[in-house]
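Chemist: Quick one: the structure is below, and I'll ask about it shortly.
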Amino acid sequence: MKKLFIVRHCKAEGQPPEAPLTEKGRNQAEELAEFFSTIPIDRIISSPFTRAQQSIEPTAKVLKMAVDTDDRLSERILSTENYDDWLEKLRHSFVDLSMKLPGGESSQEVMDRAETLILELKERTEQNIILVTHGNLMTLLLKYFDDTYGFEEWKQLSNPDVYRVSFEENDHKLERLWDK
């Protein structure tokens, strides 16, 4: 049975791609390493953003594995413009998947780019794969597997967070594993 472990990065200093983890985030990354230390993992793939890579580095070290990066796990760009009501715009983007703000990506575009990675991974021989990403993309990826996920579930995510998708034949099971 193939399993994908979808991980949201640990607490970071900001939103830019180069934003590092905070001290608390570095401690959380160590907790993630402990969490994954007893789970057989065949591959780790991370967003290229610094905070995602730093979140999984301790795990990779413990498991003695390399971390591959994939741009398809990068955080969604809602817009390149600033909005006072960005939270409301984000909420609406989970309802209207085609809504696209200036310089941004629609939810459907993000789900489509993530789907290409998921379909590739389903065809590969690795059975247990960690995917390290960001809150918005993670929620849209969860929505891909379960349409009930949306804005409220995004608000409930923690830093870090871990979900597992287990595949068996033409079915899948989605469950949250992180409860800290």
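FYI, nothing fancy with the structure tokens labels: chains A, B, ... in order, residues from 1 per chain, ligands from 1 as they appear.
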For the interface of stretch 16-97 of chain A with stretch 140-147 of chain A (cut-off 12 Å, counting only C-alpha atoms), please tabulate each contacting residue of stretch 16-97 of chain A alongside its nearest pair of atoms and their separation in Å to one decimal, rows sorted by chain and increasing number, as a tab-separated table.
Modeler:
residue	atom	partner	partner_atom	distance
A:Arg72	CA	A:Leu141	CA	11.1
A:Leu73	CA	A:Leu141	CA	9.7
A:Ser74	CA	A:Leu141	CA	12.0
A:Glu75	CA	A:Leu140	CA	10.6
A:Arg76	CA	A:Leu140	CA	9.5
A:Leu90	CA	A:Leu140	CA	11.6
A:Ser93	CA	A:Leu140	CA	10.2
A:Phe94	CA	A:Leu140	CA	8.1
A:Val95	CA	A:Asp147	CA	10.6
A:Leu97	CA	A:Leu140	CA	9.8
Chemist: Tell me, which residues of stretch 11-108 of chain A carry DSSP strand (DSSP E), written as a list in words?
Modeler: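 Of stretch 11-108 of chain A, the ones in strand (DSSP E) are Arg43, Ile44, Ile45, Ser46, Asp68 and Thr69 of chain A.
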Chemist: For the residues in the current selection, export N, CA and C atoms as a PDB file, in the first residue's frame.
Modeler:
ATOM      1  N   ARG A  43      11.339   7.959   0.307  1.00  0.00           N
ATOM      2  CA  ARG A  43      11.723   9.176  -0.417  1.00  0.00           C
ATOM      3  C   ARG A  43      11.166  10.393   0.312  1.00  0.00           C
ATOM      4  N   ILE A  44      11.911  11.502   0.234  1.00  0.00           N
ATOM      5  CA  ILE A  44      11.467  12.785   0.792  1.00  0.00           C
ATOM      6  C   ILE A  44      11.528  13.816  -0.322  1.00  0.00           C
ATOM      7  N   ILE A  45      10.411  14.532  -0.503  1.00  0.00           N
ATOM      8  CA  ILE A  45      10.348  15.592  -1.511  1.00  0.00           C
ATOM      9  C   ILE A  45       9.837  16.852  -0.810  1.00  0.00           C
ATOM     10  N   SER A  46      10.518  17.965  -1.025  1.00  0.00           N
ATOM     11  CA  SER A  46      10.181  19.208  -0.346  1.00  0.00           C
ATOM     12  C   SER A  46       9.965  20.348  -1.330  1.00  0.00           C
ATOM     13  N   ASP A  68      14.794  15.606  -2.033  1.00  0.00           N
ATOM     14  CA  ASP A  68      14.580  16.145  -3.378  1.00  0.00           C
ATOM     15  C   ASP A  68      13.683  17.368  -3.257  1.00  0.00           C
ATOM     16  N   THR A  69      13.865  18.332  -4.136  1.00  0.00           N
ATOM     17  CA  THR A  69      12.964  19.478  -4.147  1.00  0.00           C
ATOM     18  C   THR A  69      12.120  19.434  -5.408  1.00  0.00           C
TER      19      THR A  69
END
Chemist: Can you list, as a ChimeraX atom specification, every protein, DNA or RNA residue that comes within 10 Å of A:Glu31 when you count only C-alpha atoms, leaving out same-chain residues fewer than 4 positions away?
Modeler: /A:10,25-27,35-37,55,58-59,160,180
Chemist: Selected residues, all heavy atoms, written as a PDB file, in the first residue's frame, please.
Modeler:
ATOM      1  N   CYS A  10       7.318  23.786   9.573  1.00  0.00           N
ATOM      2  CA  CYS A  10       7.317  24.244  10.960  1.00  0.00           C
ATOM      3  C   CYS A  10       7.222  25.771  11.010  1.00  0.00           C
ATOM      4  O   CYS A  10       7.244  26.441   9.987  1.00  0.00           O
ATOM      5  CB  CYS A  10       8.594  23.758  11.651  1.00  0.00           C
ATOM      6  SG  CYS A  10       8.779  21.961  11.624  1.00  0.00           S
ATOM      7  N   GLY A  25      10.446  26.816  15.540  1.00  0.00           N
ATOM      8  CA  GLY A  25      10.342  25.991  14.338  1.00  0.00           C
ATOM      9  C   GLY A  25      11.459  24.965  14.247  1.00  0.00           C
ATOM     10  O   GLY A  25      11.230  23.813  13.839  1.00  0.00           O
ATOM     11  N   ARG A  26      12.652  25.366  14.630  1.00  0.00           N
ATOM     12  CA  ARG A  26      13.774  24.408  14.618  1.00  0.00           C
ATOM     13  C   ARG A  26      13.527  23.277  15.625  1.00  0.00           C
ATOM     14  O   ARG A  26      13.824  22.113  15.346  1.00  0.00           O
ATOM     15  CB  ARG A  26      15.098  25.126  14.891  1.00  0.00           C
ATOM     16  CG  ARG A  26      15.532  26.007  13.704  1.00  0.00           C
ATOM     17  CD  ARG A  26      16.945  26.545  13.870  1.00  0.00           C
ATOM     18  NE  ARG A  26      17.116  27.443  15.008  1.00  0.00           N
ATOM     19  CZ  ARG A  26      16.794  28.728  15.027  1.00  0.00           C
ATOM     20  NH1 ARG A  26      16.300  29.301  13.946  1.00  0.00           N
ATOM     21  NH2 ARG A  26      16.996  29.466  16.116  1.00  0.00           N
ATOM     22  N   ASN A  27      12.961  23.613  16.776  1.00  0.00           N
ATOM     23  CA  ASN A  27      12.609  22.587  17.759  1.00  0.00           C
ATOM     24  C   ASN A  27      11.506  21.672  17.223  1.00  0.00           C
ATOM     25  O   ASN A  27      11.541  20.455  17.425  1.00  0.00           O
ATOM     26  CB  ASN A  27      12.173  23.221  19.086  1.00  0.00           C
ATOM     27  CG  ASN A  27      13.321  23.910  19.803  1.00  0.00           C
ATOM     28  OD1 ASN A  27      14.480  23.549  19.623  1.00  0.00           O
ATOM     29  ND2 ASN A  27      12.998  24.914  20.595  1.00  0.00           N
ATOM     30  N   PHE A  35       9.181  11.927  15.211  1.00  0.00           N
ATOM     31  CA  PHE A  35       7.918  11.361  14.732  1.00  0.00           C
ATOM     32  C   PHE A  35       8.155  10.368  13.591  1.00  0.00           C
ATOM     33  O   PHE A  35       7.605   9.268  13.574  1.00  0.00           O
ATOM     34  CB  PHE A  35       6.994  12.502  14.274  1.00  0.00           C
ATOM     35  CG  PHE A  35       5.713  12.051  13.646  1.00  0.00           C
ATOM     36  CD1 PHE A  35       4.620  11.713  14.435  1.00  0.00           C
ATOM     37  CD2 PHE A  35       5.585  11.957  12.268  1.00  0.00           C
ATOM     38  CE1 PHE A  35       3.427  11.294  13.858  1.00  0.00           C
ATOM     39  CE2 PHE A  35       4.402  11.540  11.685  1.00  0.00           C
ATOM     40  CZ  PHE A  35       3.320  11.209  12.484  1.00  0.00           C
ATOM     41  N   PHE A  36       8.996  10.749  12.628  1.00  0.00           N
ATOM     42  CA  PHE A  36       9.230   9.905  11.460  1.00  0.00           C
ATOM     43  C   PHE A  36      10.305   8.837  11.682  1.00  0.00           C
ATOM     44  O   PHE A  36      10.498   7.973  10.828  1.00  0.00           O
ATOM     45  CB  PHE A  36       9.609  10.766  10.245  1.00  0.00           C
ATOM     46  CG  PHE A  36       8.435  11.417   9.584  1.00  0.00           C
ATOM     47  CD1 PHE A  36       8.273  12.792   9.607  1.00  0.00           C
ATOM     48  CD2 PHE A  36       7.483  10.651   8.915  1.00  0.00           C
ATOM     49  CE1 PHE A  36       7.182  13.397   8.992  1.00  0.00           C
ATOM     50  CE2 PHE A  36       6.394  11.237   8.297  1.00  0.00           C
ATOM     51  CZ  PHE A  36       6.235  12.607   8.339  1.00  0.00           C
ATOM     52  N   SER A  37      11.001   8.884  12.809  1.00  0.00           N
ATOM     53  CA  SER A  37      12.144   7.991  13.017  1.00  0.00           C
ATOM     54  C   SER A  37      11.784   6.506  12.982  1.00  0.00           C
ATOM     55  O   SER A  37      12.637   5.676  12.679  1.00  0.00           O
ATOM     56  CB  SER A  37      12.864   8.327  14.321  1.00  0.00           C
ATOM     57  OG  SER A  37      12.021   8.035  15.433  1.00  0.00           O
ATOM     58  N   SER A  55      12.509  22.388   7.713  1.00  0.00           N
ATOM     59  CA  SER A  55      11.584  21.583   8.519  1.00  0.00           C
ATOM     60  C   SER A  55      11.871  20.089   8.422  1.00  0.00           C
ATOM     61  O   SER A  55      11.658  19.350   9.380  1.00  0.00           O
ATOM     62  CB  SER A  55      10.133  21.847   8.087  1.00  0.00           C
ATOM     63  OG  SER A  55       9.760  23.171   8.368  1.00  0.00           O
ATOM     64  N   PRO A  58      16.202  17.668   9.685  1.00  0.00           N
ATOM     65  CA  PRO A  58      16.518  16.731  10.764  1.00  0.00           C
ATOM     66  C   PRO A  58      15.977  15.315  10.496  1.00  0.00           C
ATOM     67  O   PRO A  58      16.631  14.330  10.829  1.00  0.00           O
ATOM     68  CB  PRO A  58      15.852  17.360  11.996  1.00  0.00           C
ATOM     69  CG  PRO A  58      15.785  18.817  11.677  1.00  0.00           C
ATOM     70  CD  PRO A  58      15.509  18.871  10.187  1.00  0.00           C
ATOM     71  N   THR A  59      14.806  15.227   9.884  1.00  0.00           N
ATOM     72  CA  THR A  59      14.233  13.919   9.537  1.00  0.00           C
ATOM     73  C   THR A  59      15.123  13.208   8.535  1.00  0.00           C
ATOM     74  O   THR A  59      15.436  12.025   8.683  1.00  0.00           O
ATOM     75  CB  THR A  59      12.808  14.075   8.972  1.00  0.00           C
ATOM     76  OG1 THR A  59      11.973  14.690   9.958  1.00  0.00           O
ATOM     77  CG2 THR A  59      12.226  12.734   8.552  1.00  0.00           C
ATOM     78  N   PRO A 160       4.166  22.420  12.776  1.00  0.00           N
ATOM     79  CA  PRO A 160       3.937  21.661  11.550  1.00  0.00           C
ATOM     80  C   PRO A 160       2.608  20.918  11.623  1.00  0.00           C
ATOM     81  O   PRO A 160       1.899  20.991  12.634  1.00  0.00           O
ATOM     82  CB  PRO A 160       5.096  20.667  11.539  1.00  0.00           C
ATOM     83  CG  PRO A 160       5.349  20.401  12.992  1.00  0.00           C
ATOM     84  CD  PRO A 160       5.085  21.726  13.679  1.00  0.00           C
ATOM     85  N   LYS A 180      -0.260  17.637  17.969  1.00  0.00           N
ATOM     86  CA  LYS A 180       0.435  18.407  19.002  1.00  0.00           C
ATOM     87  C   LYS A 180      -0.012  19.839  19.002  1.00  0.00           C
ATOM     88  O   LYS A 180      -0.451  20.386  18.086  1.00  0.00           O
ATOM     89  CB  LYS A 180       1.944  18.309  18.801  1.00  0.00           C
ATOM     90  CG  LYS A 180       2.408  16.877  18.929  1.00  0.00           C
ATOM     91  CD  LYS A 180       3.900  16.769  18.816  1.00  0.00           C
ATOM     92  CE  LYS A 180       4.285  15.325  18.961  1.00  0.00           C
ATOM     93  NZ  LYS A 180       5.583  15.084  19.396  1.00  0.00           N
TER      94      LYS A 180
END
Chemist: Considering only C-alpha atoms, can you say which of A:Lys11, A:His92, A:Lys2, A:Lys24 comes closest to A:Leu121?
Modeler: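 Between A:Lys11, A:His92, A:Lys2, A:Lys24, the residue approaching A:Leu121 most closely is A:Lys2.
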Chemist: Between atom CA of A:Glu123 and atom CA of A:Asp71, what is the distance, to one decimal in Å?
Modeler: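 Atom CA of A:Asp71 lies 19.2 Å from atom CA of A:Glu123.
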Chemist: Which residue out of A:Phe49, A:Ile77, A:Gly150, A:Met1 has the minimum interatomic distance to A:Glu105 when only C-alpha atoms are used?
Modeler: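 For A:Glu105, the nearest of the candidates is A:Ile77.
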Chemist: What's around A:Val62 at 12 Å? Count only C-alpha atoms, leave out sequence neighbours fewer than 5 positions away in its own chain, and write the answer as a ChimeraX atom specification.
Modeler: /A:29-41,56-57
Chemist: Here is a test: counting only C-alpha atoms, which residue of A:Leu4, A:Val110, A:Met138, A:Ile130 is nearest to A:Phe167?
Modeler: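 Nearest to A:Phe167: A:Leu4.
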Chemist: Using only C-alpha atoms, which of A:Gly14, A:Ile118, A:Val162, A:Asn136 sits nearest A:Leu87?
Modeler: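 With only C-alpha atoms as the atom set, the closest residue is A:Asn136.
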Chemist: What is the distance, in Å and to one decimal place, between atom CA of A:Arg51 and atom CA of A:Asp70?
Modeler: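 So the two atoms, atom CA of A:Arg51 and atom CA of A:Asp70, lie 14.0 Å apart.
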Chemist: Using DSSP on the backbone coordinates, identify all residues within stretch 2-176 of chain A classified as helix (DSSP H, G or I); present the result as a ChimeraX atom specification.
Modeler: /A:23-36,50-63,71-73,86-95,107-123,135-145,151-156
Chemist: At a cut-off of 10 Å, using only C-alpha atoms, what residues contact A:Glu13? Leave out same-chain residues fewer than 6 positions from it and give the result as a list in words.
Modeler: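 The neighbour list is Ala19, Pro20, Leu21, Thr22, Glu23, Gly25 and Arg51 of chain A.
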Chemist: Calculate how many Å separate atom CA of A:Gln54 from atom CA of A:Arg8, rounding to one decimal.
Modeler: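 The value is 11.6 Å.
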Chemist: Set the distance at 7 Å and use only C-alpha atoms: which residues neighbour A:Leu174 once local chain neighbours fewer than 2 positions away are removed? I'd like the list as number ranges by chain.
Modeler: A: 164-166, 172
Chemist: Based on the selection just made, write C-alpha atoms of those residues as a PDB file, in the first residue's frame.
Modeler:
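Now in selection.pdb:
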ATOM      1  CA  ARG A 164      -1.273  10.548   5.580  1.00  0.00           C
ATOM      2  CA  VAL A 165      -2.927   9.446   2.365  1.00  0.00           C
ATOM      3  CA  SER A 166      -2.960   5.665   1.988  1.00  0.00           C
ATOM      4  CA  HIS A 172      -7.564   6.089  -0.677  1.00  0.00           C
TER       5      HIS A 172
END
